[in-house]
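> Quick one: the structure is below, questions incoming.
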Protein chains: 2
Amino acid sequence: AAAAAGLALAMAARHWLRRPVREVLFFPSPPSCTEALLAEAEGPGAPAQPCPCPLPRSDCSLSRLLRRLLSARRSLEICLFAFSCPQLGRAVRLLHRRGVRVRVVTDAQYMGLRGSQIGLLRHAGIQVRHDQGHGYMHHKFAIVDRRMLITGSLNWTTQAIQTNRENVLVVEDAEYVKPYLDEFERIWEEYNPTNYRFL
Amino acid sequence: AAAAAGLALAMAARHWLRRPVREVLFFPSPPSCTEALLAEAEGPGAPAQPCPCPLPRSDCSLSRLLRRLLSARRSLEICLFAFSCPQLGRAVRLLHRRGVRVRVVTDAQYMGLRGSQIGLLRHAGIQVRHDQGHGYMHHKFAIVDRRMLITGSLNWTTQAIQTNRENVLVVEDAEYVKPYLDEFERIWEEYNPTNYRFL
């Protein structure tokens, strides 16, 4: 019991004493296979065969972004203008199945377009809310476990990831995370379906 | 002379010992009059009459963004998908006239649209380069005096500023500024007109 307590303490210390994440990701990210990364995150029940596709499995901005998201243990807030990247959609559904509390805010004009992941997220039981006004819900940020902010110019679309010049900043710093969390909660309440006006 | 040296030292100390800027701006920003702010920045030769327009002069996200930009003394790198906001365009031209080294990178598809500020910037003698490929130059960041990064979801358009949900993060931290400066220099070289292919 003492050893177990010691281990738990050591793990907690490692968690709390580690250096906060500070990362910058640039895109385009070359086409790559993220199957192994996602299958591993899906856990022991996932298929063990390696993916037969010819794409490289190397570390890239997309795989790094996926790893940051997959580190979520309790909560994930997502605020995205456009969301159509299948790998990122799969990661978000996986987190939801794992018991992470996922909430998504998106733009009404974009979410119905072909290829949007929003329908799949809702089908999986994930809460999604969208704007109802003029102007765009143009944010592109996510917050992992209320402590890590992922924000930038990148919409989560394959086109943006593979062909655009984009940036994503990862910050684990309460001074930046807090205002984004507050903004998320403001938008979440404003986009509450009970507030929709059917004009 | 000793007093002057002391004063210079005190000012330098104040500059170097001050807390680094860390700010988050959210939009939409309500319509407001930034005339006084810009006229003051234009210096002693600027008209002294107050602006007759009825818009409020209160502090807002746009005025804060303008103040951060106008703090530039030596250099300003701008990397923007869309740039059509007249106030921000005026601020950039003003900095150029003041002797700040301004460089602008933008997206070829957007820069020719009606309302774009890019033509006015070029007309003022500011260096502008643009992409020539497929995919968008979708960044939305600026770097002031090689020490302050301004980045987020916001394109510098009046529509985005006044009607969209947007975020801008201001960071004075070399660990974040450096990779964005490197990205700017990479793009600046890649978009060098000598590299254009006329296909």
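A note on labels: chains of the structure tokens are A, B, ... as shown, every chain counts residues from 1, and ligands are counted from 1 in their shown order.
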Where does DSSP see helix (DSSP H, G or I) in chain A, if you list the residues as a ChimeraX atom specification?
/A:2-17,35-42,61-70,86-97,108-111,118-123,158-163,174-190,193-195
> Should the cut-off be 6 Å, what would the residue list for chain A against chain B look like, counting only C-alpha atoms, as a PyMOL selection string?
chain A and resi 135-139+152-153+163-166
> Using only C-alpha atoms, can you tell me which of A:Thr34, A:Gln87, A:Ser71, A:Asn192 comes closest to A:Cys51?
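Nearest candidate to A:Cys51 out of A:Thr34, A:Gln87, A:Ser71, A:Asn192: A:Thr34.
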> Quick one: distance from atom CA of A:Ala41 to atom CA of A:Leu95 in Å, one decimal?
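The value is 8.9 Å.
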> Find the distance between atom CA of A:Arg186 and atom CA of B:Val21 and write it in Å to one decimal.
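Spanning atom CA of A:Arg186 to atom CA of B:Val21 is a straight-line distance of 24.8 Å.
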> Find the distance between atom CA of A:Leu38 and atom CA of A:Pro50 and write it in Å to one decimal.
11.7 Å
> For stretch 116-126 of chain A, list every protein, DNA or RNA residue within 12 Å, evaluated using only C-alpha atoms, and leave out those in the same chain fewer than 3 positions away; present the list as a CSV table (one decimal) with all heavy atoms, in the first residue's frame.

chain,number,residue,atom,x,y,z
A,76,LEU,N,-13.3,18.5,-22.9
A,76,LEU,CA,-12.8,19.1,-24.2
A,76,LEU,C,-13.8,20.1,-24.7
A,76,LEU,O,-15.0,19.7,-25.0
A,76,LEU,CB,-12.5,18.0,-25.2
A,76,LEU,CG,-12.0,18.5,-26.6
A,76,LEU,CD1,-10.7,19.1,-26.6
A,76,LEU,CD2,-12.0,17.3,-27.6
A,77,GLU,N,-13.4,21.3,-24.8
A,77,GLU,CA,-14.3,22.3,-25.4
A,77,GLU,C,-13.7,22.7,-26.8
A,77,GLU,O,-12.5,22.9,-26.9
A,77,GLU,CB,-14.4,23.6,-24.5
A,77,GLU,CG,-15.3,23.5,-23.3
A,77,GLU,CD,-14.6,22.8,-22.2
A,77,GLU,OE1,-13.3,22.9,-22.1
A,77,GLU,OE2,-15.3,22.2,-21.4
A,78,ILE,N,-14.6,22.7,-27.8
A,78,ILE,CA,-14.2,23.0,-29.1
A,78,ILE,C,-15.0,24.1,-29.7
A,78,ILE,O,-16.2,24.0,-29.6
A,78,ILE,CB,-14.3,21.7,-30.0
A,78,ILE,CG1,-13.3,20.6,-29.5
A,78,ILE,CG2,-14.0,22.0,-31.5
A,78,ILE,CD1,-13.5,19.3,-30.3
A,79,CYS,N,-14.4,25.0,-30.3
A,79,CYS,CA,-15.0,26.2,-30.9
A,79,CYS,C,-14.5,26.4,-32.3
A,79,CYS,O,-13.4,26.9,-32.4
A,79,CYS,CB,-14.7,27.4,-30.0
A,79,CYS,SG,-16.0,28.6,-29.9
A,80,LEU,N,-15.2,26.0,-33.3
A,80,LEU,CA,-14.6,25.9,-34.6
A,80,LEU,C,-15.5,26.4,-35.7
A,80,LEU,O,-16.7,25.9,-35.8
A,80,LEU,CB,-14.3,24.4,-34.9
A,80,LEU,CG,-12.9,23.8,-34.6
A,80,LEU,CD1,-12.9,22.4,-35.0
A,80,LEU,CD2,-11.8,24.6,-35.2
A,81,PHE,N,-15.0,27.2,-36.6
A,81,PHE,CA,-15.8,27.7,-37.7
A,81,PHE,C,-16.1,26.5,-38.6
A,81,PHE,O,-17.2,26.2,-39.0
A,81,PHE,CB,-15.0,28.7,-38.5
A,81,PHE,CG,-15.6,29.2,-39.7
A,81,PHE,CD1,-16.9,29.8,-39.7
A,81,PHE,CD2,-15.0,29.0,-41.0
A,81,PHE,CE1,-17.5,30.2,-40.9
A,81,PHE,CE2,-15.6,29.4,-42.1
A,81,PHE,CZ,-16.8,30.0,-42.1
A,82,ALA,N,-15.1,25.7,-39.0
A,82,ALA,CA,-15.2,24.6,-39.9
A,82,ALA,C,-14.5,23.3,-39.4
A,82,ALA,O,-13.4,23.4,-39.0
A,82,ALA,CB,-14.7,25.0,-41.3
A,83,PHE,N,-15.2,22.2,-39.5
A,83,PHE,CA,-14.7,21.0,-39.0
A,83,PHE,C,-15.1,19.8,-39.9
A,83,PHE,O,-16.2,19.3,-39.9
A,83,PHE,CB,-15.3,20.7,-37.6
A,83,PHE,CG,-14.7,19.6,-36.8
A,83,PHE,CD1,-15.1,19.3,-35.5
A,83,PHE,CD2,-13.8,18.7,-37.3
A,83,PHE,CE1,-14.5,18.3,-34.7
A,83,PHE,CE2,-13.2,17.7,-36.6
A,83,PHE,CZ,-13.6,17.5,-35.3
A,84,SER,N,-14.1,19.4,-40.7
A,84,SER,CA,-14.4,18.4,-41.7
A,84,SER,C,-13.3,17.3,-41.8
A,84,SER,O,-13.4,16.3,-42.5
A,84,SER,CB,-14.6,18.9,-43.1
A,84,SER,OG,-13.4,19.5,-43.6
A,85,CYS,N,-12.2,17.4,-41.0
A,85,CYS,CA,-11.1,16.5,-41.0
A,85,CYS,C,-11.5,15.2,-40.4
A,85,CYS,O,-11.8,15.1,-39.2
A,85,CYS,CB,-9.9,17.1,-40.4
A,85,CYS,SG,-8.5,15.9,-40.1
A,86,PRO,N,-11.5,14.1,-41.1
A,86,PRO,CA,-12.0,12.8,-40.6
A,86,PRO,C,-11.2,12.3,-39.4
A,86,PRO,O,-11.7,11.8,-38.4
A,86,PRO,CB,-11.9,11.8,-41.7
A,86,PRO,CG,-11.8,12.6,-43.0
A,86,PRO,CD,-11.2,13.9,-42.6
A,87,GLN,N,-9.9,12.5,-39.4
A,87,GLN,CA,-9.0,12.0,-38.3
A,87,GLN,C,-9.3,12.8,-37.0
A,87,GLN,O,-9.4,12.2,-36.0
A,87,GLN,CB,-7.5,12.2,-38.7
A,87,GLN,CG,-7.0,11.3,-39.8
A,87,GLN,CD,-7.0,12.0,-41.1
A,87,GLN,OE1,-7.9,12.8,-41.4
A,87,GLN,NE2,-5.9,11.8,-41.9
A,88,LEU,N,-9.5,14.1,-37.1
A,88,LEU,CA,-9.8,14.9,-36.0
A,88,LEU,C,-11.2,14.6,-35.5
A,88,LEU,O,-11.4,14.5,-34.2
A,88,LEU,CB,-9.6,16.4,-36.3
A,88,LEU,CG,-8.1,16.8,-36.4
A,88,LEU,CD1,-8.0,18.2,-37.1
A,88,LEU,CD2,-7.4,16.8,-35.0
A,89,GLY,N,-12.1,14.3,-36.4
A,89,GLY,CA,-13.5,13.9,-36.0
A,89,GLY,C,-13.4,12.6,-35.2
A,89,GLY,O,-14.1,12.4,-34.2
A,90,ARG,N,-12.6,11.6,-35.7
A,90,ARG,CA,-12.5,10.3,-35.1
A,90,ARG,C,-11.9,10.5,-33.7
A,90,ARG,O,-12.4,9.9,-32.7
A,90,ARG,CB,-11.6,9.4,-35.9
A,90,ARG,CG,-11.5,8.0,-35.4
A,90,ARG,CD,-10.8,7.2,-36.5
A,90,ARG,NE,-10.2,6.0,-35.9
A,90,ARG,CZ,-9.2,5.3,-36.5
A,90,ARG,NH1,-8.9,5.6,-37.7
A,90,ARG,NH2,-8.7,4.2,-35.9
A,91,ALA,N,-10.9,11.3,-33.5
A,91,ALA,CA,-10.3,11.6,-32.2
A,91,ALA,C,-11.3,12.1,-31.2
A,91,ALA,O,-11.4,11.7,-30.1
A,91,ALA,CB,-9.1,12.5,-32.4
A,92,VAL,N,-12.1,13.1,-31.7
A,92,VAL,CA,-13.1,13.7,-30.8
A,92,VAL,C,-14.2,12.7,-30.4
A,92,VAL,O,-14.6,12.6,-29.2
A,92,VAL,CB,-13.8,14.9,-31.5
A,92,VAL,CG1,-14.9,15.5,-30.6
A,92,VAL,CG2,-12.7,16.0,-31.7
A,93,ARG,N,-14.6,11.8,-31.3
A,93,ARG,CA,-15.6,10.8,-30.9
A,93,ARG,C,-15.0,9.8,-30.0
A,93,ARG,O,-15.7,9.3,-29.0
A,93,ARG,CB,-16.2,10.1,-32.2
A,93,ARG,CG,-16.9,11.0,-33.1
A,93,ARG,CD,-17.8,10.3,-34.2
A,93,ARG,NE,-17.0,9.4,-35.0
A,93,ARG,CZ,-16.3,9.8,-36.1
A,93,ARG,NH1,-16.3,11.1,-36.4
A,93,ARG,NH2,-15.6,9.0,-36.8
A,94,LEU,N,-13.8,9.4,-30.2
A,94,LEU,CA,-13.1,8.5,-29.3
A,94,LEU,C,-13.0,9.1,-27.9
A,94,LEU,O,-13.2,8.3,-26.9
A,94,LEU,CB,-11.7,8.4,-30.0
A,94,LEU,CG,-10.6,7.4,-29.5
A,94,LEU,CD1,-9.6,7.3,-30.6
A,94,LEU,CD2,-9.9,7.9,-28.2
A,95,LEU,N,-12.7,10.3,-27.8
A,95,LEU,CA,-12.6,10.9,-26.4
A,95,LEU,C,-14.0,10.9,-25.8
A,95,LEU,O,-14.1,10.6,-24.6
A,95,LEU,CB,-12.1,12.4,-26.5
A,95,LEU,CG,-10.7,12.5,-26.9
A,95,LEU,CD1,-10.3,14.0,-27.3
A,95,LEU,CD2,-9.7,12.0,-25.8
A,96,HIS,N,-15.0,11.2,-26.5
A,96,HIS,CA,-16.4,11.1,-26.0
A,96,HIS,C,-16.7,9.7,-25.5
A,96,HIS,O,-17.2,9.5,-24.4
A,96,HIS,CB,-17.4,11.5,-27.1
A,96,HIS,CG,-18.8,11.3,-26.8
A,96,HIS,ND1,-19.5,12.0,-25.9
A,96,HIS,CD2,-19.7,10.3,-27.3
A,96,HIS,CE1,-20.8,11.5,-25.8
A,96,HIS,NE2,-20.9,10.5,-26.7
A,97,ARG,N,-16.4,8.7,-26.3
A,97,ARG,CA,-16.6,7.3,-25.9
A,97,ARG,C,-15.8,6.9,-24.6
A,97,ARG,O,-16.2,6.2,-23.8
A,97,ARG,CB,-16.2,6.3,-27.0
A,97,ARG,CG,-17.2,6.2,-28.1
A,97,ARG,CD,-17.0,4.9,-28.9
A,97,ARG,NE,-15.7,4.7,-29.4
A,97,ARG,CZ,-15.2,5.3,-30.5
A,97,ARG,NH1,-16.0,6.0,-31.2
A,97,ARG,NH2,-13.9,5.0,-30.9
A,99,GLY,N,-15.4,8.8,-22.2
A,99,GLY,CA,-16.0,9.5,-21.0
A,99,GLY,C,-15.6,10.9,-20.8
A,99,GLY,O,-15.9,11.5,-19.9
A,100,VAL,N,-14.8,11.4,-21.8
A,100,VAL,CA,-14.4,12.9,-21.7
A,100,VAL,C,-15.7,13.7,-22.0
A,100,VAL,O,-16.4,13.3,-22.9
A,100,VAL,CB,-13.3,13.2,-22.7
A,100,VAL,CG1,-13.0,14.7,-22.8
A,100,VAL,CG2,-12.0,12.4,-22.3
A,101,ARG,N,-15.9,14.8,-21.3
A,101,ARG,CA,-17.1,15.6,-21.5
A,101,ARG,C,-16.7,16.5,-22.7
A,101,ARG,O,-16.0,17.5,-22.5
A,101,ARG,CB,-17.4,16.4,-20.3
A,101,ARG,CG,-18.7,17.3,-20.5
A,101,ARG,CD,-18.7,18.4,-19.5
A,101,ARG,NE,-20.0,19.1,-19.6
A,101,ARG,CZ,-20.3,20.3,-19.2
A,101,ARG,NH1,-19.3,21.0,-18.5
A,101,ARG,NH2,-21.4,20.9,-19.3
A,102,VAL,N,-17.3,16.2,-23.9
A,102,VAL,CA,-17.0,17.0,-25.1
A,102,VAL,C,-18.1,18.0,-25.4
A,102,VAL,O,-19.3,17.6,-25.4
A,102,VAL,CB,-16.7,16.1,-26.3
A,102,VAL,CG1,-16.5,16.9,-27.5
A,102,VAL,CG2,-15.6,15.1,-26.0
A,103,ARG,N,-17.8,19.2,-25.6
A,103,ARG,CA,-18.8,20.2,-26.1
A,103,ARG,C,-18.3,20.9,-27.3
A,103,ARG,O,-17.1,21.3,-27.3
A,103,ARG,CB,-19.1,21.2,-25.0
A,103,ARG,CG,-19.8,20.6,-23.8
A,103,ARG,CD,-20.2,21.7,-22.7
A,103,ARG,NE,-19.0,22.2,-22.1
A,103,ARG,CZ,-19.0,23.3,-21.3
A,103,ARG,NH1,-20.1,24.0,-21.2
A,103,ARG,NH2,-17.9,23.7,-20.7
A,104,VAL,N,-19.1,21.1,-28.3
A,104,VAL,CA,-18.7,21.7,-29.6
A,104,VAL,C,-19.5,22.9,-29.9
A,104,VAL,O,-20.8,22.8,-29.8
A,104,VAL,CB,-18.7,20.6,-30.7
A,104,VAL,CG1,-18.3,21.3,-32.0
A,104,VAL,CG2,-17.9,19.4,-30.4
A,105,VAL,N,-18.9,24.0,-30.3
A,105,VAL,CA,-19.6,25.1,-30.8
A,105,VAL,C,-19.1,25.3,-32.2
A,105,VAL,O,-17.9,25.3,-32.5
A,105,VAL,CB,-19.3,26.4,-29.9
A,105,VAL,CG1,-19.6,27.7,-30.7
A,105,VAL,CG2,-20.1,26.3,-28.7
A,106,THR,N,-20.0,25.6,-33.1
A,106,THR,CA,-19.6,25.8,-34.5
A,106,THR,C,-20.5,26.8,-35.3
A,106,THR,O,-21.4,27.4,-34.7
A,106,THR,CB,-19.6,24.4,-35.3
A,106,THR,OG1,-19.0,24.5,-36.5
A,106,THR,CG2,-21.1,23.9,-35.5
A,107,ASP,N,-20.1,27.0,-36.5
A,107,ASP,CA,-20.8,28.0,-37.3
A,107,ASP,C,-22.0,27.4,-38.1
A,107,ASP,O,-21.8,26.3,-38.8
A,107,ASP,CB,-19.9,28.7,-38.3
A,107,ASP,CG,-20.5,29.8,-39.0
A,107,ASP,OD1,-20.7,30.9,-38.4
A,107,ASP,OD2,-20.9,29.6,-40.2
A,108,ALA,N,-23.2,28.0,-38.0
A,108,ALA,CA,-24.3,27.4,-38.7
A,108,ALA,C,-24.2,27.3,-40.2
A,108,ALA,O,-24.6,26.3,-40.8
A,108,ALA,CB,-25.6,28.2,-38.3
A,109,GLN,N,-23.6,28.3,-40.8
A,109,GLN,CA,-23.5,28.3,-42.3
A,109,GLN,C,-22.6,27.1,-42.8
A,109,GLN,O,-22.9,26.5,-43.8
A,109,GLN,CB,-22.9,29.6,-42.8
A,109,GLN,CG,-23.8,30.7,-42.9
A,109,GLN,CD,-23.7,31.6,-41.7
A,109,GLN,OE1,-23.5,31.1,-40.6
A,109,GLN,NE2,-23.9,32.9,-41.9
A,110,TYR,N,-21.6,26.8,-42.0
A,110,TYR,CA,-20.6,25.8,-42.5
A,110,TYR,C,-21.0,24.4,-42.1
A,110,TYR,O,-20.7,23.4,-42.8
A,110,TYR,CB,-19.2,26.1,-42.0
A,110,TYR,CG,-18.2,25.2,-42.6
A,110,TYR,CD1,-17.6,25.6,-43.8
A,110,TYR,CD2,-17.9,23.9,-42.1
A,110,TYR,CE1,-16.7,24.7,-44.5
A,110,TYR,CE2,-17.0,23.1,-42.8
A,110,TYR,CZ,-16.4,23.5,-43.9
A,110,TYR,OH,-15.5,22.7,-44.6
A,111,MET,N,-21.7,24.2,-41.0
A,111,MET,CA,-21.9,22.8,-40.4
A,111,MET,C,-22.7,21.9,-41.3
A,111,MET,O,-22.5,20.7,-41.2
A,111,MET,CB,-22.4,22.9,-39.0
A,111,MET,CG,-23.9,23.3,-39.0
A,111,MET,SD,-24.4,23.2,-37.2
A,111,MET,CE,-26.2,23.4,-37.5
A,112,GLY,N,-23.5,22.5,-42.2
A,112,GLY,CA,-24.3,21.6,-43.0
A,112,GLY,C,-23.7,21.2,-44.3
A,112,GLY,O,-24.2,20.4,-45.1
A,113,LEU,N,-22.5,21.8,-44.6
A,113,LEU,CA,-21.8,21.5,-45.9
A,113,LEU,C,-21.4,20.0,-46.0
A,113,LEU,O,-21.1,19.4,-45.0
A,113,LEU,CB,-20.6,22.4,-46.1
A,113,LEU,CG,-20.9,23.9,-46.2
A,113,LEU,CD1,-19.7,24.6,-46.6
A,113,LEU,CD2,-22.1,24.2,-47.2
A,129,ARG,N,-23.5,23.0,-30.4
A,129,ARG,CA,-24.4,24.2,-30.5
A,129,ARG,C,-23.8,25.1,-31.6
A,129,ARG,O,-22.6,25.0,-31.9
A,129,ARG,CB,-24.4,25.0,-29.2
A,129,ARG,CG,-25.1,24.2,-28.1
A,129,ARG,CD,-25.3,24.9,-26.8
A,129,ARG,NE,-26.0,24.1,-25.8
A,129,ARG,CZ,-26.3,24.5,-24.6
A,129,ARG,NH1,-25.9,25.7,-24.2
A,129,ARG,NH2,-26.9,23.7,-23.7
A,130,HIS,N,-24.7,25.9,-32.2
A,130,HIS,CA,-24.2,26.7,-33.3
A,130,HIS,C,-24.8,28.1,-33.2
A,130,HIS,O,-25.8,28.3,-32.5
A,130,HIS,CB,-24.6,26.1,-34.7
A,130,HIS,CG,-26.0,25.8,-34.8
A,130,HIS,ND1,-26.9,26.8,-35.2
A,130,HIS,CD2,-26.8,24.7,-34.6
A,130,HIS,CE1,-28.1,26.3,-35.2
A,130,HIS,NE2,-28.1,25.0,-34.9
A,155,ASN,N,-8.7,26.0,-39.4
A,155,ASN,CA,-9.9,25.2,-39.3
A,155,ASN,C,-9.6,23.8,-39.4
A,155,ASN,O,-8.6,23.4,-40.1
A,155,ASN,CB,-10.9,25.7,-40.5
A,155,ASN,CG,-11.5,27.0,-40.2
A,155,ASN,OD1,-12.2,27.2,-39.2
A,155,ASN,ND2,-11.2,28.0,-41.0
A,156,TRP,N,-10.4,22.9,-38.8
A,156,TRP,CA,-10.0,21.5,-38.8
A,156,TRP,C,-10.6,20.8,-40.1
A,156,TRP,O,-11.5,20.0,-40.0
A,156,TRP,CB,-10.6,20.8,-37.5
A,156,TRP,CG,-9.9,21.3,-36.3
A,156,TRP,CD1,-9.0,22.3,-36.2
A,156,TRP,CD2,-10.0,20.8,-35.0
A,156,TRP,NE1,-8.5,22.4,-34.9
A,156,TRP,CE2,-9.2,21.5,-34.1
A,156,TRP,CE3,-10.8,19.8,-34.4
A,156,TRP,CZ2,-9.1,21.2,-32.7
A,156,TRP,CZ3,-10.8,19.5,-33.1
A,156,TRP,CH2,-9.9,20.2,-32.2
A,157,THR,N,-10.0,21.2,-41.2
A,157,THR,CA,-10.4,20.7,-42.5
A,157,THR,C,-9.2,20.1,-43.1
A,157,THR,O,-8.1,20.6,-42.9
A,157,THR,CB,-11.0,21.7,-43.4
A,157,THR,OG1,-10.0,22.6,-43.9
A,157,THR,CG2,-12.1,22.5,-42.7
A,158,THR,N,-9.4,19.0,-43.9
A,158,THR,CA,-8.2,18.4,-44.6
A,158,THR,C,-7.6,19.4,-45.6
A,158,THR,O,-6.3,19.4,-45.7
A,158,THR,CB,-8.7,17.1,-45.4
A,158,THR,OG1,-9.4,16.3,-44.4
A,158,THR,CG2,-7.6,16.4,-46.0
> Hey, what does DSSP flag as strand (DSSP E or B) within stretch 49-164 of chain A? Can you give it to me as JSON, numbers by chain?
{"A": [75, 76, 77, 78, 79, 80, 83, 101, 102, 103, 104, 105, 106, 127, 128, 129, 130, 137, 140, 141, 142, 143, 144, 148, 149, 150, 151, 152, 156]}
> With N, CA, C and O atoms retained, write the just-selected residues as a CSV table (one decimal), in the first residue's frame.

chain,number,residue,atom,x,y,z
A,75,SER,N,-12.2,16.8,-19.9
A,75,SER,CA,-13.1,17.7,-20.7
A,75,SER,C,-12.4,18.2,-22.0
A,75,SER,O,-11.2,18.3,-22.0
A,76,LEU,N,-13.3,18.5,-22.9
A,76,LEU,CA,-12.8,19.1,-24.2
A,76,LEU,C,-13.8,20.1,-24.7
A,76,LEU,O,-15.0,19.7,-25.0
A,77,GLU,N,-13.4,21.3,-24.8
A,77,GLU,CA,-14.3,22.3,-25.4
A,77,GLU,C,-13.7,22.7,-26.8
A,77,GLU,O,-12.5,22.9,-26.9
A,78,ILE,N,-14.6,22.7,-27.8
A,78,ILE,CA,-14.2,23.0,-29.1
A,78,ILE,C,-15.0,24.1,-29.7
A,78,ILE,O,-16.2,24.0,-29.6
A,79,CYS,N,-14.4,25.0,-30.3
A,79,CYS,CA,-15.0,26.2,-30.9
A,79,CYS,C,-14.5,26.4,-32.3
A,79,CYS,O,-13.4,26.9,-32.4
A,80,LEU,N,-15.2,26.0,-33.3
A,80,LEU,CA,-14.6,25.9,-34.6
A,80,LEU,C,-15.5,26.4,-35.7
A,80,LEU,O,-16.7,25.9,-35.8
A,83,PHE,N,-15.2,22.2,-39.5
A,83,PHE,CA,-14.7,21.0,-39.0
A,83,PHE,C,-15.1,19.8,-39.9
A,83,PHE,O,-16.2,19.3,-39.9
A,101,ARG,N,-15.9,14.8,-21.3
A,101,ARG,CA,-17.1,15.6,-21.5
A,101,ARG,C,-16.7,16.5,-22.7
A,101,ARG,O,-16.0,17.5,-22.5
A,102,VAL,N,-17.3,16.2,-23.9
A,102,VAL,CA,-17.0,17.0,-25.1
A,102,VAL,C,-18.1,18.0,-25.4
A,102,VAL,O,-19.3,17.6,-25.4
A,103,ARG,N,-17.8,19.2,-25.6
A,103,ARG,CA,-18.8,20.2,-26.1
A,103,ARG,C,-18.3,20.9,-27.3
A,103,ARG,O,-17.1,21.3,-27.3
A,104,VAL,N,-19.1,21.1,-28.3
A,104,VAL,CA,-18.7,21.7,-29.6
A,104,VAL,C,-19.5,22.9,-29.9
A,104,VAL,O,-20.8,22.8,-29.8
A,105,VAL,N,-18.9,24.0,-30.3
A,105,VAL,CA,-19.6,25.1,-30.8
A,105,VAL,C,-19.1,25.3,-32.2
A,105,VAL,O,-17.9,25.3,-32.5
A,106,THR,N,-20.0,25.6,-33.1
A,106,THR,CA,-19.6,25.8,-34.5
A,106,THR,C,-20.5,26.8,-35.3
A,106,THR,O,-21.4,27.4,-34.7
A,127,GLN,N,-22.6,16.8,-27.7
A,127,GLN,CA,-23.4,18.1,-27.7
A,127,GLN,C,-22.8,19.1,-28.6
A,127,GLN,O,-21.6,19.4,-28.5
A,128,VAL,N,-23.6,19.6,-29.5
A,128,VAL,CA,-23.1,20.6,-30.5
A,128,VAL,C,-24.1,21.8,-30.4
A,128,VAL,O,-25.3,21.6,-30.4
A,129,ARG,N,-23.5,23.0,-30.4
A,129,ARG,CA,-24.4,24.2,-30.5
A,129,ARG,C,-23.8,25.1,-31.6
A,129,ARG,O,-22.6,25.0,-31.9
A,130,HIS,N,-24.7,25.9,-32.2
A,130,HIS,CA,-24.2,26.7,-33.3
A,130,HIS,C,-24.8,28.1,-33.2
A,130,HIS,O,-25.8,28.3,-32.5
A,137,MET,N,-19.2,32.5,-36.6
A,137,MET,CA,-18.6,32.0,-35.4
A,137,MET,C,-17.2,31.6,-35.9
A,137,MET,O,-17.1,30.4,-36.4
A,140,LYS,N,-11.3,29.4,-33.8
A,140,LYS,CA,-10.7,28.1,-34.1
A,140,LYS,C,-9.9,27.7,-32.9
A,140,LYS,O,-8.7,27.8,-32.9
A,141,PHE,N,-10.5,27.3,-31.8
A,141,PHE,CA,-9.8,26.9,-30.6
A,141,PHE,C,-10.4,25.7,-29.9
A,141,PHE,O,-11.5,25.4,-30.1
A,142,ALA,N,-9.6,25.1,-29.1
A,142,ALA,CA,-10.0,24.0,-28.3
A,142,ALA,C,-9.3,24.1,-26.9
A,142,ALA,O,-8.2,24.7,-26.8
A,143,ILE,N,-10.0,23.6,-25.9
A,143,ILE,CA,-9.4,23.6,-24.5
A,143,ILE,C,-9.5,22.2,-24.0
A,143,ILE,O,-10.6,21.6,-23.9
A,144,VAL,N,-8.3,21.7,-23.6
A,144,VAL,CA,-8.2,20.3,-23.1
A,144,VAL,C,-8.1,20.4,-21.6
A,144,VAL,O,-7.2,21.0,-21.0
A,148,MET,N,-5.3,23.4,-21.1
A,148,MET,CA,-4.4,23.5,-22.3
A,148,MET,C,-5.3,24.2,-23.4
A,148,MET,O,-6.3,23.6,-23.8
A,149,LEU,N,-4.8,25.3,-23.9
A,149,LEU,CA,-5.4,26.0,-25.0
A,149,LEU,C,-4.7,25.7,-26.3
A,149,LEU,O,-3.5,25.8,-26.4
A,150,ILE,N,-5.5,25.4,-27.3
A,150,ILE,CA,-5.1,25.1,-28.7
A,150,ILE,C,-5.8,26.1,-29.6
A,150,ILE,O,-7.0,26.0,-29.7
A,151,THR,N,-5.0,27.1,-30.1
A,151,THR,CA,-5.7,28.1,-30.9
A,151,THR,C,-4.9,28.6,-32.0
A,151,THR,O,-3.6,28.4,-32.0
A,152,GLY,N,-5.5,29.1,-33.1
A,152,GLY,CA,-4.7,29.6,-34.2
A,152,GLY,C,-5.6,30.0,-35.4
A,152,GLY,O,-6.8,30.3,-35.2
A,156,TRP,N,-10.4,22.9,-38.8
A,156,TRP,CA,-10.0,21.5,-38.8
A,156,TRP,C,-10.6,20.8,-40.1
A,156,TRP,O,-11.5,20.0,-40.0
> Which is closer to B:Ser32 than all the others in B:Gln132, B:Gln49, B:Ser61, B:Asn195, using only C-alpha atoms?
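Between B:Gln132, B:Gln49, B:Ser61, B:Asn195, the residue approaching B:Ser32 most closely is B:Ser61.
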